[in-house]
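Trainee: This is the content of structure.cif (mmCIF, C-alpha atoms):
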data_final
#
loop_
_atom_site.label_atom_id
_atom_site.label_comp_id
_atom_site.auth_asym_id
_atom_site.auth_seq_id
_atom_site.Cartn_x
_atom_site.Cartn_y
_atom_site.Cartn_z
CA MET A 1 -90.82 -118.10 119.49
CA ASN A 2 -91.54 -117.57 123.19
CA CYS A 3 -89.77 -115.33 125.71
CA ALA A 4 -87.37 -118.02 126.95
CA GLN A 5 -86.25 -118.81 123.40
CA ALA A 6 -85.94 -115.13 122.51
CA ARG A 7 -83.76 -114.39 125.54
CA LEU A 8 -81.51 -117.34 124.78
CA HIS A 9 -80.88 -115.83 121.33
CA ILE A 10 -80.38 -112.36 122.79
CA GLY A 11 -78.10 -113.65 125.57
CA ALA A 12 -75.92 -115.43 123.00
CA ASP A 13 -75.75 -112.40 120.69
CA PRO A 14 -77.69 -109.22 121.53
CA ARG A 15 -77.27 -108.06 117.92
CA SER A 16 -78.66 -111.24 116.37
CA GLU A 17 -81.62 -110.87 114.04
CA SER A 18 -84.04 -113.37 112.60
CA PRO A 19 -87.65 -113.13 111.34
CA GLU A 20 -88.87 -115.10 114.37
CA LEU A 21 -87.01 -112.93 116.87
CA THR A 22 -88.09 -109.72 115.15
CA ALA A 23 -91.73 -110.83 115.21
CA HIS A 24 -91.49 -111.69 118.91
CA LEU A 25 -89.85 -108.39 119.84
CA THR A 26 -92.59 -106.50 118.02
CA SER A 27 -95.19 -107.84 120.43
CA CYS A 28 -93.11 -108.21 123.62
CA PRO A 29 -91.90 -105.02 125.35
CA ALA A 30 -90.21 -107.03 128.13
CA CYS A 31 -87.90 -108.79 125.68
CA ARG A 32 -87.19 -105.49 123.91
CA ARG A 33 -86.07 -104.04 127.25
CA PHE A 34 -83.98 -107.14 127.88
CA ARG A 35 -82.20 -106.75 124.54
CA ASP A 36 -81.54 -103.05 125.22
CA GLU A 37 -79.99 -103.95 128.57
CA MET A 38 -77.87 -106.69 127.01
CA LEU A 39 -76.66 -104.28 124.31
CA THR A 40 -75.69 -101.80 127.03
CA LEU A 41 -73.88 -104.55 128.91
CA GLU A 42 -72.08 -105.64 125.74
CA GLY A 43 -70.81 -102.09 125.28
CA ARG A 44 -69.46 -102.07 128.84
CA ILE A 45 -67.71 -105.38 128.26
CA GLN A 46 -66.06 -104.05 125.10
CA ARG A 47 -64.84 -100.95 126.93
CA ALA A 48 -63.49 -103.12 129.76
CA LEU A 49 -61.56 -105.25 127.30
CA GLN A 50 -60.10 -102.16 125.62
CA ASP A 51 -59.03 -100.69 128.97
CA PRO A 52 -58.46 -103.61 131.39
CA PRO A 53 -58.19 -102.90 135.12
CA GLN A 54 -54.91 -102.56 137.02
CA LEU A 55 -54.22 -105.72 139.00
CA GLY A 56 -51.53 -104.28 141.29
CA ALA A 57 -49.81 -101.00 141.99
CA ARG A 58 -46.68 -101.87 143.98
CA ARG A 59 -44.68 -103.88 141.47
CA PRO A 60 -45.96 -103.81 137.92
CA ALA A 61 -45.93 -107.22 136.31
CA PRO A 62 -44.13 -107.72 133.04
CA ARG A 63 -46.27 -106.56 130.13
CA THR A 64 -46.32 -110.02 128.58
CA LEU A 65 -47.96 -111.43 131.71
CA TRP A 66 -50.03 -108.45 132.81
CA ARG A 67 -52.23 -108.06 129.76
CA PRO A 68 -53.47 -111.67 129.53
CA LEU A 69 -54.26 -111.63 133.25
CA ALA A 70 -56.07 -108.31 132.95
CA LEU A 71 -58.07 -109.51 129.98
CA ALA A 72 -59.00 -112.68 131.85
CA ALA A 73 -60.16 -110.62 134.83
CA SER A 74 -62.26 -108.39 132.57
CA VAL A 75 -63.87 -111.34 130.82
CA LEU A 76 -64.62 -113.00 134.19
CA VAL A 77 -66.33 -109.85 135.49
CA ALA A 78 -68.33 -109.51 132.28
CA THR A 79 -69.37 -113.18 132.35
CA VAL A 80 -70.62 -112.90 135.93
CA ALA A 81 -72.59 -109.78 134.99
CA VAL A 82 -74.19 -111.52 132.00
CA LEU A 83 -75.18 -114.52 134.11
CA ALA A 84 -76.68 -112.27 136.78
CA VAL A 85 -78.80 -110.46 134.21
CA TRP A 86 -79.89 -113.72 132.57
CA LEU A 87 -80.88 -115.43 135.83
CA VAL A 88 -82.69 -112.51 137.47
CA GLN A 89 -84.07 -110.25 134.79
CA PRO A 90 -86.52 -112.56 132.95
CA SER A 91 -88.69 -113.35 135.98
CA ARG A 92 -88.71 -109.71 137.09
CA SER A 93 -89.74 -108.50 133.65
CA LEU A 94 -92.44 -111.16 133.42
CA ALA A 95 -93.85 -110.20 136.83
CA HIS A 96 -93.93 -106.54 135.82
CA ASP A 97 -95.77 -107.33 132.59
CA VAL A 98 -98.25 -109.54 134.44
CA VAL A 99 -99.06 -106.67 136.80
CA LEU A 100 -99.48 -104.25 133.88
CA HIS A 101 -101.85 -106.66 132.16
CA VAL A 102 -103.98 -107.17 135.27
CA GLN A 103 -104.19 -103.40 135.79
CA GLU A 104 -105.70 -103.07 132.31
CA GLU A 105 -108.71 -105.15 133.41
CA PRO A 106 -109.74 -103.64 136.79
CA GLU A 107 -113.32 -104.85 136.35
CA SER A 108 -112.11 -108.42 136.75
CA TRP A 109 -111.74 -107.99 140.52
CA LEU A 110 -115.38 -106.91 140.90
CA ALA A 111 -117.00 -109.98 139.36
CA ARG A 112 -118.86 -112.13 141.88
CA ASN A 113 -121.11 -114.40 139.81
CA ALA A 114 -119.73 -117.79 138.83
CA VAL A 115 -118.75 -118.11 135.16
CA SER A 116 -120.50 -120.87 133.26
CA ALA A 117 -118.63 -124.01 132.26
CA GLN A 118 -118.94 -122.87 128.63
CA GLY A 119 -117.38 -119.50 129.48
CA ILE A 120 -114.45 -121.14 131.24
CA ALA A 121 -113.93 -123.55 128.34
CA ALA A 122 -113.84 -120.63 125.91
CA ALA A 123 -111.14 -118.90 127.97
CA LEU A 124 -109.02 -122.07 128.08
CA ARG A 125 -109.55 -123.22 124.51
CA ASN A 126 -107.07 -120.96 122.68
CA ALA A 127 -104.24 -121.95 125.03
CA GLY A 128 -104.90 -125.70 125.04
CA VAL A 129 -105.31 -125.83 128.83
CA ASP A 130 -107.42 -127.94 131.19
CA PHE A 131 -107.83 -126.31 134.60
CA GLY A 132 -109.19 -128.58 137.34
CA VAL A 133 -110.88 -125.92 139.47
CA THR A 134 -114.62 -126.13 140.09
CA SER A 135 -116.53 -123.60 138.01
CA ASP A 136 -118.38 -122.09 140.98
CA ARG A 137 -115.06 -120.66 142.25
CA ILE A 138 -114.27 -118.84 138.98
CA THR A 139 -115.97 -115.46 138.65
CA TYR A 140 -114.02 -114.07 135.67
CA ALA A 141 -112.65 -115.89 132.64
CA GLN A 142 -111.16 -114.31 129.53
CA SER A 143 -108.70 -115.32 126.84
CA CYS A 144 -106.19 -112.45 126.72
CA TRP A 145 -103.35 -111.55 124.34
CA PHE A 146 -100.11 -111.60 126.34
CA HIS A 147 -96.51 -111.83 125.07
CA GLY A 148 -97.62 -112.90 121.61
CA HIS A 149 -100.07 -115.63 122.70
CA TYR A 150 -103.59 -116.01 124.03
CA VAL A 151 -103.52 -116.93 127.73
CA PRO A 152 -106.37 -117.71 130.16
CA HIS A 153 -107.00 -114.84 132.58
CA LEU A 154 -109.15 -116.03 135.49
CA VAL A 155 -110.29 -114.72 138.85
CA VAL A 156 -110.70 -117.45 141.46
CA GLN A 157 -112.57 -116.85 144.70
CA THR A 158 -110.60 -118.06 147.73
CA THR A 159 -110.91 -117.82 151.51
CA GLN A 160 -108.51 -114.85 151.27
CA GLY A 161 -110.62 -113.07 148.67
CA PRO A 162 -110.36 -112.92 144.88
CA ALA A 163 -107.10 -114.00 143.26
CA THR A 164 -106.18 -113.37 139.63
CA VAL A 165 -104.65 -116.30 137.76
CA LEU A 166 -102.78 -116.13 134.45
CA ILE A 167 -101.92 -119.50 132.91
CA LEU A 168 -98.72 -118.96 130.90
CA ARG A 169 -98.08 -121.89 128.62
CA HIS A 170 -95.17 -120.21 126.83
CA GLU A 171 -93.37 -118.69 129.83
CA THR A 172 -90.78 -120.90 131.51
CA VAL A 173 -89.43 -120.06 134.98
CA ARG A 174 -86.71 -121.99 136.80
CA ALA A 175 -88.14 -121.47 140.29
CA SER A 176 -90.92 -119.66 142.13
CA HIS A 177 -90.62 -115.88 142.07
CA ALA A 178 -92.61 -113.76 144.54
CA PHE A 179 -93.13 -110.07 143.83
CA SER A 180 -95.01 -107.02 145.04
CA GLU A 181 -95.89 -104.09 142.79
CA ALA A 182 -98.61 -101.43 142.48
CA GLY A 183 -100.48 -102.67 145.55
CA LEU A 184 -100.54 -106.25 144.28
CA SER A 185 -98.62 -109.18 145.71
CA GLY A 186 -98.11 -112.28 143.68
CA VAL A 187 -95.97 -115.18 142.66
CA ILE A 188 -95.01 -116.93 139.44
CA VAL A 189 -94.41 -120.67 139.78
CA PRO A 190 -93.41 -123.41 137.35
CA ALA A 191 -96.29 -125.50 136.02
CA GLY A 192 -95.13 -128.35 133.84
CA THR A 193 -93.53 -126.89 130.73
CA GLY A 194 -95.05 -123.45 131.42
CA SER A 195 -95.88 -121.39 134.47
CA ILE A 196 -98.75 -119.84 136.38
CA ALA A 197 -99.00 -116.36 137.89
CA VAL A 198 -101.27 -115.65 140.87
CA LEU A 199 -101.91 -112.13 142.18
CA ALA A 200 -104.07 -110.60 144.90
CA HIS A 201 -104.48 -107.36 146.84
CA GLY A 202 -102.19 -108.43 149.67
CA GLY A 203 -101.34 -111.75 151.27
CA ASP A 204 -98.93 -114.55 150.48
CA MET A 205 -99.93 -116.28 147.25
CA ARG A 206 -97.26 -119.00 147.23
CA GLN A 207 -99.33 -121.78 148.76
CA LEU A 208 -102.34 -120.97 146.59
CA ALA A 209 -100.17 -120.82 143.46
CA GLY A 210 -98.67 -124.21 144.27
CA GLU A 211 -102.13 -125.72 144.67
CA LEU A 212 -103.45 -124.15 141.47
CA SER A 213 -100.38 -125.12 139.44
CA ARG A 214 -101.14 -128.78 140.18
CA ASP A 215 -104.61 -128.28 138.68
CA VAL A 216 -103.21 -127.14 135.31
CA HIS A 217 -102.91 -129.74 132.56
CA TRP A 218 -101.48 -128.96 129.13
CA LEU A 219 -103.43 -130.29 126.16
CA PRO A 220 -102.21 -130.35 122.54
CA GLU A 221 -101.83 -126.72 121.59
CA PRO A 222 -104.44 -125.64 119.04
CA ALA A 223 -103.76 -123.38 116.07
CA GLN A 224 -103.55 -119.82 117.32
CA PRO A 225 -106.23 -117.41 116.07
CA PRO A 226 -104.97 -114.06 114.79
CA PRO A 227 -104.01 -111.47 117.44
CA PRO A 228 -106.62 -108.85 118.37
CA LYS A 229 -106.60 -105.65 116.38
CA SER A 230 -105.03 -102.76 118.29
#
Can you give me the file's structure in the form of structure tokens?

Mentor:
Amino acid sequence: MNCAQARLHIGADPRSESPELTAHLTSCPACRRFRDEMLTLEGRIQRALQDPPQLGARRPAPRTLWRPLALAASVLVATVAVLAVWLVQPSRSLAHDVVLHVQEEPESWLARNAVSAQGIAAALRNAGVDFGVTSDRITYAQSCWFHGHYVPHLVVQTTQGPATVLILRHETVRASHAFSEAGLSGVIVPAGTGSIAVLAHGGDMRQLAGELSRDVHWLPEPAQPPPPKS
């Protein structure tokens, strides 16, 4: 189960439980936060339904009409709130987790020697990815555990300086999402059935991300090796 699937289950019923969802939440703090927020929102909806808002103060409507209208208004407000959380929160949480992951590997920015073709292939192998960028531009290549899967973590040398690239096969985004956090500016863009995140120390990464996303090709996904020991 990936993050998009987990949040669909949580959005439908924040209290739902299944072995697949439980396993995903164990390894994904972003989805755990999302479920906590949805549970909080569910509690607010329940309180709103129990105590619906007043729709007018001058001439109270007959009770038989007032309560259905009030309940409808409460449900409408709650539905809008749920949709807002669902549409905005996933990309923000993903961006935050990408930044946290990159911060855990500060040495990646310092690499200057080109990684061998064998080293790049090793970083891409676990994710089933082909990345059409010449090897002399890639100075860092690792296969990292992220959101319950191994993902390629690369540093690509550009005319603007080094840019970190995370190829996220199991993370689906509806549209490009730019962000800035902890001195890093980046963007997450759709790439086929997955997405790609590009970060740098300043600058607009949207054009670069668009170019790099076109160089990503998904291969048949191999069997996942066991996660690293903590």

Trainee: Taking the file as shown, what set of residues would the PyMOL selection byres ((chain A and resi 147-163) around 7) give back, as a list in words?

Mentor: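 So the PyMOL selection byres ((chain A and resi 147-163) around 7) ends up selecting His24, Ser27, Cys28, Ser108, Trp109, Ala123, Leu124, Asn126, Ala127, Arg137, Ile138, Thr139, Tyr140, Ala141, Gln142, Ser143, Cys144, Trp145, Phe146, Thr164, Val165, Leu166, Ile167, Leu168, Val198, Leu199 and Ala200 of chain A.
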
Trainee: Mind dumping the selected residues with C-alpha atoms as an mmCIF file, in the frame of the given file?

Mentor:
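Below you can see part-v2.cif, which holds the result:
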data_model
loop_
_atom_site.group_PDB
_atom_site.id
_atom_site.type_symbol
_atom_site.label_atom_id
_atom_site.label_comp_id
_atom_site.auth_asym_id
_atom_site.auth_seq_id
_atom_site.Cartn_x
_atom_site.Cartn_y
_atom_site.Cartn_z
ATOM 1 C CA HIS A 24 -91.490 -111.690 118.910
ATOM 2 C CA SER A 27 -95.190 -107.840 120.430
ATOM 3 C CA CYS A 28 -93.110 -108.210 123.620
ATOM 4 C CA SER A 108 -112.110 -108.420 136.750
ATOM 5 C CA TRP A 109 -111.740 -107.990 140.520
ATOM 6 C CA ALA A 123 -111.140 -118.900 127.970
ATOM 7 C CA LEU A 124 -109.020 -122.070 128.080
ATOM 8 C CA ASN A 126 -107.070 -120.960 122.680
ATOM 9 C CA ALA A 127 -104.240 -121.950 125.030
ATOM 10 C CA ARG A 137 -115.060 -120.660 142.250
ATOM 11 C CA ILE A 138 -114.270 -118.840 138.980
ATOM 12 C CA THR A 139 -115.970 -115.460 138.650
ATOM 13 C CA TYR A 140 -114.020 -114.070 135.670
ATOM 14 C CA ALA A 141 -112.650 -115.890 132.640
ATOM 15 C CA GLN A 142 -111.160 -114.310 129.530
ATOM 16 C CA SER A 143 -108.700 -115.320 126.840
ATOM 17 C CA CYS A 144 -106.190 -112.450 126.720
ATOM 18 C CA TRP A 145 -103.350 -111.550 124.340
ATOM 19 C CA PHE A 146 -100.110 -111.600 126.340
ATOM 20 C CA THR A 164 -106.180 -113.370 139.630
ATOM 21 C CA VAL A 165 -104.650 -116.300 137.760
ATOM 22 C CA LEU A 166 -102.780 -116.130 134.450
ATOM 23 C CA ILE A 167 -101.920 -119.500 132.910
ATOM 24 C CA LEU A 168 -98.720 -118.960 130.900
ATOM 25 C CA VAL A 198 -101.270 -115.650 140.870
ATOM 26 C CA LEU A 199 -101.910 -112.130 142.180
ATOM 27 C CA ALA A 200 -104.070 -110.600 144.900
#

Trainee: How many Å separate atom CA of Asp136 of chain A from atom CA of Ala121 of chain A?

Mentor: 13.5 Å

Trainee: Could you state which residues are captured by the PyMOL selection byres ((chain A and resi 11) around 9) in this file, as an mmCIF file with C-alpha atoms, in the frame of the given file?

Mentor:
data_model
loop_
_atom_site.group_PDB
_atom_site.id
_atom_site.type_symbol
_atom_site.label_atom_id
_atom_site.label_comp_id
_atom_site.auth_asym_id
_atom_site.auth_seq_id
_atom_site.Cartn_x
_atom_site.Cartn_y
_atom_site.Cartn_z
ATOM 1 C CA ALA A 6 -85.940 -115.130 122.510
ATOM 2 C CA ARG A 7 -83.760 -114.390 125.540
ATOM 3 C CA LEU A 8 -81.510 -117.340 124.780
ATOM 4 C CA HIS A 9 -80.880 -115.830 121.330
ATOM 5 C CA ILE A 10 -80.380 -112.360 122.790
ATOM 6 C CA ALA A 12 -75.920 -115.430 123.000
ATOM 7 C CA ASP A 13 -75.750 -112.400 120.690
ATOM 8 C CA PRO A 14 -77.690 -109.220 121.530
ATOM 9 C CA ARG A 35 -82.200 -106.750 124.540
ATOM 10 C CA MET A 38 -77.870 -106.690 127.010
ATOM 11 C CA VAL A 82 -74.190 -111.520 132.000
ATOM 12 C CA TRP A 86 -79.890 -113.720 132.570
#

Trainee: How many Å separate atom CA of Val173 of chain A from atom CA of Ser195 of chain A?

Mentor: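 A separation of 6.6 Å between them.
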
Trainee: Spell out the residues picked by the PyMOL selection byres ((chain A and resi 94) around 12) here, as JSON, numbers by chain.

Mentor: {"A": [3, 4, 28, 29, 30, 31, 33, 34, 88, 89, 90, 91, 92, 93, 95, 96, 97, 98, 99, 100, 101, 146, 147, 166, 168, 170, 171, 172, 173, 177, 178, 179, 186, 187, 188, 189, 195, 196, 197]}

Trainee: At what distance in Å, to one decimal, does atom CA of Ser16 of chain A lie from atom CA of Glu42 of chain A?

Mentor: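 It comes out at 12.7 Å.
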
Trainee: Considering all atoms listed in the file, can you say which of A:Glu17, A:Pro106, A:Asp36, A:Pro226 comes closest to His201 of chain A?

Mentor: A:Pro106

Trainee: Would you mind telling me which residue in A:Ala191, A:Ser180, A:Ala23, A:Pro222 lies nearest to Asp204 of chain A when using all atoms listed in the file?

Mentor: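 Checking each candidate against Asp204 of chain A, we get A:Ser180 as the closest.
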
Trainee: I'd like to know which of A:Ile120, A:Ser185, A:Arg112, A:Leu21 is closest to Ala209 of chain A, using only C-alpha atoms.

Mentor: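 Looking only at the distances to Ala209 of chain A, the closest residue turns out to be A:Ser185.
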
Trainee: Please determine, counting only C-alpha atoms, which residue among A:Asp130, A:Gln103, A:Arg206, A:Gly119 has the shortest atom-to-atom distance to Glu181 of chain A.

Mentor: A:Gln103

Trainee: Using only C-alpha atoms, find the one residue out of A:Glu107, A:Glu20, A:Ala182, A:Arg15 that sits nearest to Leu39 of chain A.

Mentor: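 Once distances to Leu39 of chain A are computed over only C-alpha atoms, the minimum belongs to A:Arg15.
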
Trainee: Given 6 Å of margin on each side, can you work out the centre and size in Å (one decimal) of an axis-aligned box holding every listed atom of segment 124-136 of chain A, as lines of an AutoDock Vina configuration file?

Mentor:
center_x = -111.3
center_y = -124.8
center_z = 131.8
size_x = 26.1
size_y = 19.6
size_z = 30.3

Trainee: Once you've located segment 88-202 of chain A in the structure I gave, write it as a PDB file, in the first residue's frame, keeping C-alpha atoms.

Mentor:
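The result, written out as result.pdb:
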ATOM      1  CA  VAL A  88      -3.810  20.155   0.066  1.00  0.00           C
ATOM      2  CA  GLN A  89      -2.381  18.092   2.882  1.00  0.00           C
ATOM      3  CA  PRO A  90      -0.826  15.121   1.010  1.00  0.00           C
ATOM      4  CA  SER A  91       1.539  17.187  -1.146  1.00  0.00           C
ATOM      5  CA  ARG A  92       2.554  19.362   1.811  1.00  0.00           C
ATOM      6  CA  SER A  93       3.295  16.347   3.982  1.00  0.00           C
ATOM      7  CA  LEU A  94       5.255  14.694   1.183  1.00  0.00           C
ATOM      8  CA  ALA A  95       7.348  17.828   0.629  1.00  0.00           C
ATOM      9  CA  HIS A  96       8.096  18.045   4.351  1.00  0.00           C
ATOM     10  CA  ASP A  97       9.194  14.401   4.470  1.00  0.00           C
ATOM     11  CA  VAL A  98      11.363  14.859   1.383  1.00  0.00           C
ATOM     12  CA  VAL A  99      13.154  17.769   3.064  1.00  0.00           C
ATOM     13  CA  LEU A 100      13.663  15.748   6.255  1.00  0.00           C
ATOM     14  CA  HIS A 101      15.136  12.879   4.272  1.00  0.00           C
ATOM     15  CA  VAL A 102      17.546  15.119   2.356  1.00  0.00           C
ATOM     16  CA  GLN A 103      18.674  16.743   5.609  1.00  0.00           C
ATOM     17  CA  GLU A 104      19.669  13.312   6.904  1.00  0.00           C
ATOM     18  CA  GLU A 105      22.263  13.002   4.117  1.00  0.00           C
ATOM     19  CA  PRO A 106      24.112  16.364   4.144  1.00  0.00           C
ATOM     20  CA  GLU A 107      27.217  14.783   2.614  1.00  0.00           C
ATOM     21  CA  SER A 108      25.306  14.289  -0.631  1.00  0.00           C
ATOM     22  CA  TRP A 109      25.625  17.987  -1.509  1.00  0.00           C
ATOM     23  CA  LEU A 110      29.425  17.875  -1.233  1.00  0.00           C
ATOM     24  CA  ALA A 111      30.059  15.119  -3.780  1.00  0.00           C
ATOM     25  CA  ARG A 112      31.745  16.350  -6.947  1.00  0.00           C
ATOM     26  CA  ASN A 113      33.080  13.225  -8.669  1.00  0.00           C
ATOM     27  CA  ALA A 114      30.832  11.547 -11.211  1.00  0.00           C
ATOM     28  CA  VAL A 115      29.254   8.284 -10.053  1.00  0.00           C
ATOM     29  CA  SER A 116      30.032   5.263 -12.199  1.00  0.00           C
ATOM     30  CA  ALA A 117      27.366   3.758 -14.430  1.00  0.00           C
ATOM     31  CA  GLN A 118      27.369   0.710 -12.143  1.00  0.00           C
ATOM     32  CA  GLY A 119      26.761   2.901  -9.096  1.00  0.00           C
ATOM     33  CA  ILE A 120      23.835   4.651 -10.760  1.00  0.00           C
ATOM     34  CA  ALA A 121      22.346   1.327 -11.867  1.00  0.00           C
ATOM     35  CA  ALA A 122      22.556   0.031  -8.300  1.00  0.00           C
ATOM     36  CA  ALA A 123      20.659   3.077  -6.998  1.00  0.00           C
ATOM     37  CA  LEU A 124      17.921   2.648  -9.619  1.00  0.00           C
ATOM     38  CA  ARG A 125      17.625  -1.135  -9.495  1.00  0.00           C
ATOM     39  CA  ASN A 126      15.475  -1.555  -6.367  1.00  0.00           C
ATOM     40  CA  ALA A 127      12.883   0.921  -7.664  1.00  0.00           C
ATOM     41  CA  GLY A 128      12.670  -0.396 -11.222  1.00  0.00           C
ATOM     42  CA  VAL A 129      13.619   2.957 -12.758  1.00  0.00           C
ATOM     43  CA  ASP A 130      15.524   3.999 -15.872  1.00  0.00           C
ATOM     44  CA  PHE A 131      16.812   7.575 -15.658  1.00  0.00           C
ATOM     45  CA  GLY A 132      18.023   9.076 -18.933  1.00  0.00           C
ATOM     46  CA  VAL A 133      20.581  11.517 -17.517  1.00  0.00           C
ATOM     47  CA  THR A 134      24.223  11.193 -18.521  1.00  0.00           C
ATOM     48  CA  SER A 135      26.311   9.657 -15.759  1.00  0.00           C
ATOM     49  CA  ASP A 136      28.891  12.466 -15.723  1.00  0.00           C
ATOM     50  CA  ARG A 137      26.216  14.824 -14.324  1.00  0.00           C
ATOM     51  CA  ILE A 138      25.363  12.565 -11.364  1.00  0.00           C
ATOM     52  CA  THR A 139      27.717  12.950  -8.403  1.00  0.00           C
ATOM     53  CA  TYR A 140      25.698  11.081  -5.757  1.00  0.00           C
ATOM     54  CA  ALA A 141      23.503   8.009  -6.131  1.00  0.00           C
ATOM     55  CA  GLN A 142      21.961   5.968  -3.331  1.00  0.00           C
ATOM     56  CA  SER A 143      18.947   3.712  -2.915  1.00  0.00           C
ATOM     57  CA  CYS A 144      17.164   5.062   0.174  1.00  0.00           C
ATOM     58  CA  TRP A 145      14.276   3.784   2.302  1.00  0.00           C
ATOM     59  CA  PHE A 146      11.452   6.327   2.063  1.00  0.00           C
ATOM     60  CA  HIS A 147       7.746   5.877   2.883  1.00  0.00           C
ATOM     61  CA  GLY A 148       8.045   2.105   2.946  1.00  0.00           C
ATOM     62  CA  HIS A 149       9.945   1.704  -0.344  1.00  0.00           C
ATOM     63  CA  TYR A 150      13.449   2.029  -1.734  1.00  0.00           C
ATOM     64  CA  VAL A 151      13.745   5.165  -3.883  1.00  0.00           C
ATOM     65  CA  PRO A 152      16.672   6.530  -5.917  1.00  0.00           C
ATOM     66  CA  HIS A 153      18.306   9.533  -4.238  1.00  0.00           C
ATOM     67  CA  LEU A 154      20.541  11.365  -6.713  1.00  0.00           C
ATOM     68  CA  VAL A 155      22.454  14.626  -6.884  1.00  0.00           C
ATOM     69  CA  VAL A 156      22.628  16.079 -10.386  1.00  0.00           C
ATOM     70  CA  GLN A 157      25.054  18.844 -11.288  1.00  0.00           C
ATOM     71  CA  THR A 158      23.349  21.692 -13.163  1.00  0.00           C
ATOM     72  CA  THR A 159      24.276  25.182 -14.337  1.00  0.00           C
ATOM     73  CA  GLN A 160      22.603  26.437 -11.130  1.00  0.00           C
ATOM     74  CA  GLY A 161      24.634  24.133  -8.900  1.00  0.00           C
ATOM     75  CA  PRO A 162      23.839  20.741  -7.377  1.00  0.00           C
ATOM     76  CA  ALA A 163      20.219  19.623  -7.278  1.00  0.00           C
ATOM     77  CA  THR A 164      18.923  16.682  -5.260  1.00  0.00           C
ATOM     78  CA  VAL A 165      16.498  14.363  -7.050  1.00  0.00           C
ATOM     79  CA  LEU A 166      14.235  11.778  -5.411  1.00  0.00           C
ATOM     80  CA  ILE A 167      12.408   9.483  -7.834  1.00  0.00           C
ATOM     81  CA  LEU A 168       9.148   8.506  -6.116  1.00  0.00           C
ATOM     82  CA  ARG A 169       7.517   5.612  -7.898  1.00  0.00           C
ATOM     83  CA  HIS A 170       4.828   5.137  -5.242  1.00  0.00           C
ATOM     84  CA  GLU A 171       3.899   8.789  -4.623  1.00  0.00           C
ATOM     85  CA  THR A 172       1.160  10.203  -6.842  1.00  0.00           C
ATOM     86  CA  VAL A 173       0.582  13.967  -7.080  1.00  0.00           C
ATOM     87  CA  ARG A 174      -2.193  15.639  -9.074  1.00  0.00           C
ATOM     88  CA  ALA A 175      -0.163  18.703 -10.057  1.00  0.00           C
ATOM     89  CA  SER A 176       3.200  20.360  -9.498  1.00  0.00           C
ATOM     90  CA  HIS A 177       3.752  21.572  -5.941  1.00  0.00           C
ATOM     91  CA  ALA A 178       6.521  24.082  -5.187  1.00  0.00           C
ATOM     92  CA  PHE A 179       7.748  24.482  -1.618  1.00  0.00           C
ATOM     93  CA  SER A 180      10.433  26.156   0.461  1.00  0.00           C
ATOM     94  CA  GLU A 181      11.605  24.818   3.812  1.00  0.00           C
ATOM     95  CA  ALA A 182      14.777  24.771   5.939  1.00  0.00           C
ATOM     96  CA  GLY A 183      16.763  26.797   3.402  1.00  0.00           C
ATOM     97  CA  LEU A 184      15.813  24.472   0.552  1.00  0.00           C
ATOM     98  CA  SER A 185      13.526  25.290  -2.352  1.00  0.00           C
ATOM     99  CA  GLY A 186      12.024  22.542  -4.399  1.00  0.00           C
ATOM    100  CA  VAL A 187       9.153  21.159  -6.364  1.00  0.00           C
ATOM    101  CA  ILE A 188       7.340  17.843  -6.676  1.00  0.00           C
ATOM    102  CA  VAL A 189       5.969  17.101 -10.146  1.00  0.00           C
ATOM    103  CA  PRO A 190       4.010  14.210 -11.650  1.00  0.00           C
ATOM    104  CA  ALA A 191       6.114  11.692 -13.560  1.00  0.00           C
ATOM    105  CA  GLY A 192       4.013   9.031 -15.224  1.00  0.00           C
ATOM    106  CA  THR A 193       2.339   6.982 -12.519  1.00  0.00           C
ATOM    107  CA  GLY A 194       4.681   8.370  -9.846  1.00  0.00           C
ATOM    108  CA  SER A 195       6.412  11.653  -9.156  1.00  0.00           C
ATOM    109  CA  ILE A 196       9.810  13.271  -8.875  1.00  0.00           C
ATOM    110  CA  ALA A 197      11.074  15.716  -6.243  1.00  0.00           C
ATOM    111  CA  VAL A 198      13.868  18.191  -7.008  1.00  0.00           C
ATOM    112  CA  LEU A 199      15.482  20.372  -4.335  1.00  0.00           C
ATOM    113  CA  ALA A 200      18.319  22.892  -4.237  1.00  0.00           C
ATOM    114  CA  HIS A 201      19.746  25.613  -2.011  1.00  0.00           C
ATOM    115  CA  GLY A 202      17.728  28.388  -3.639  1.00  0.00           C
TER     116      GLY A 202
END
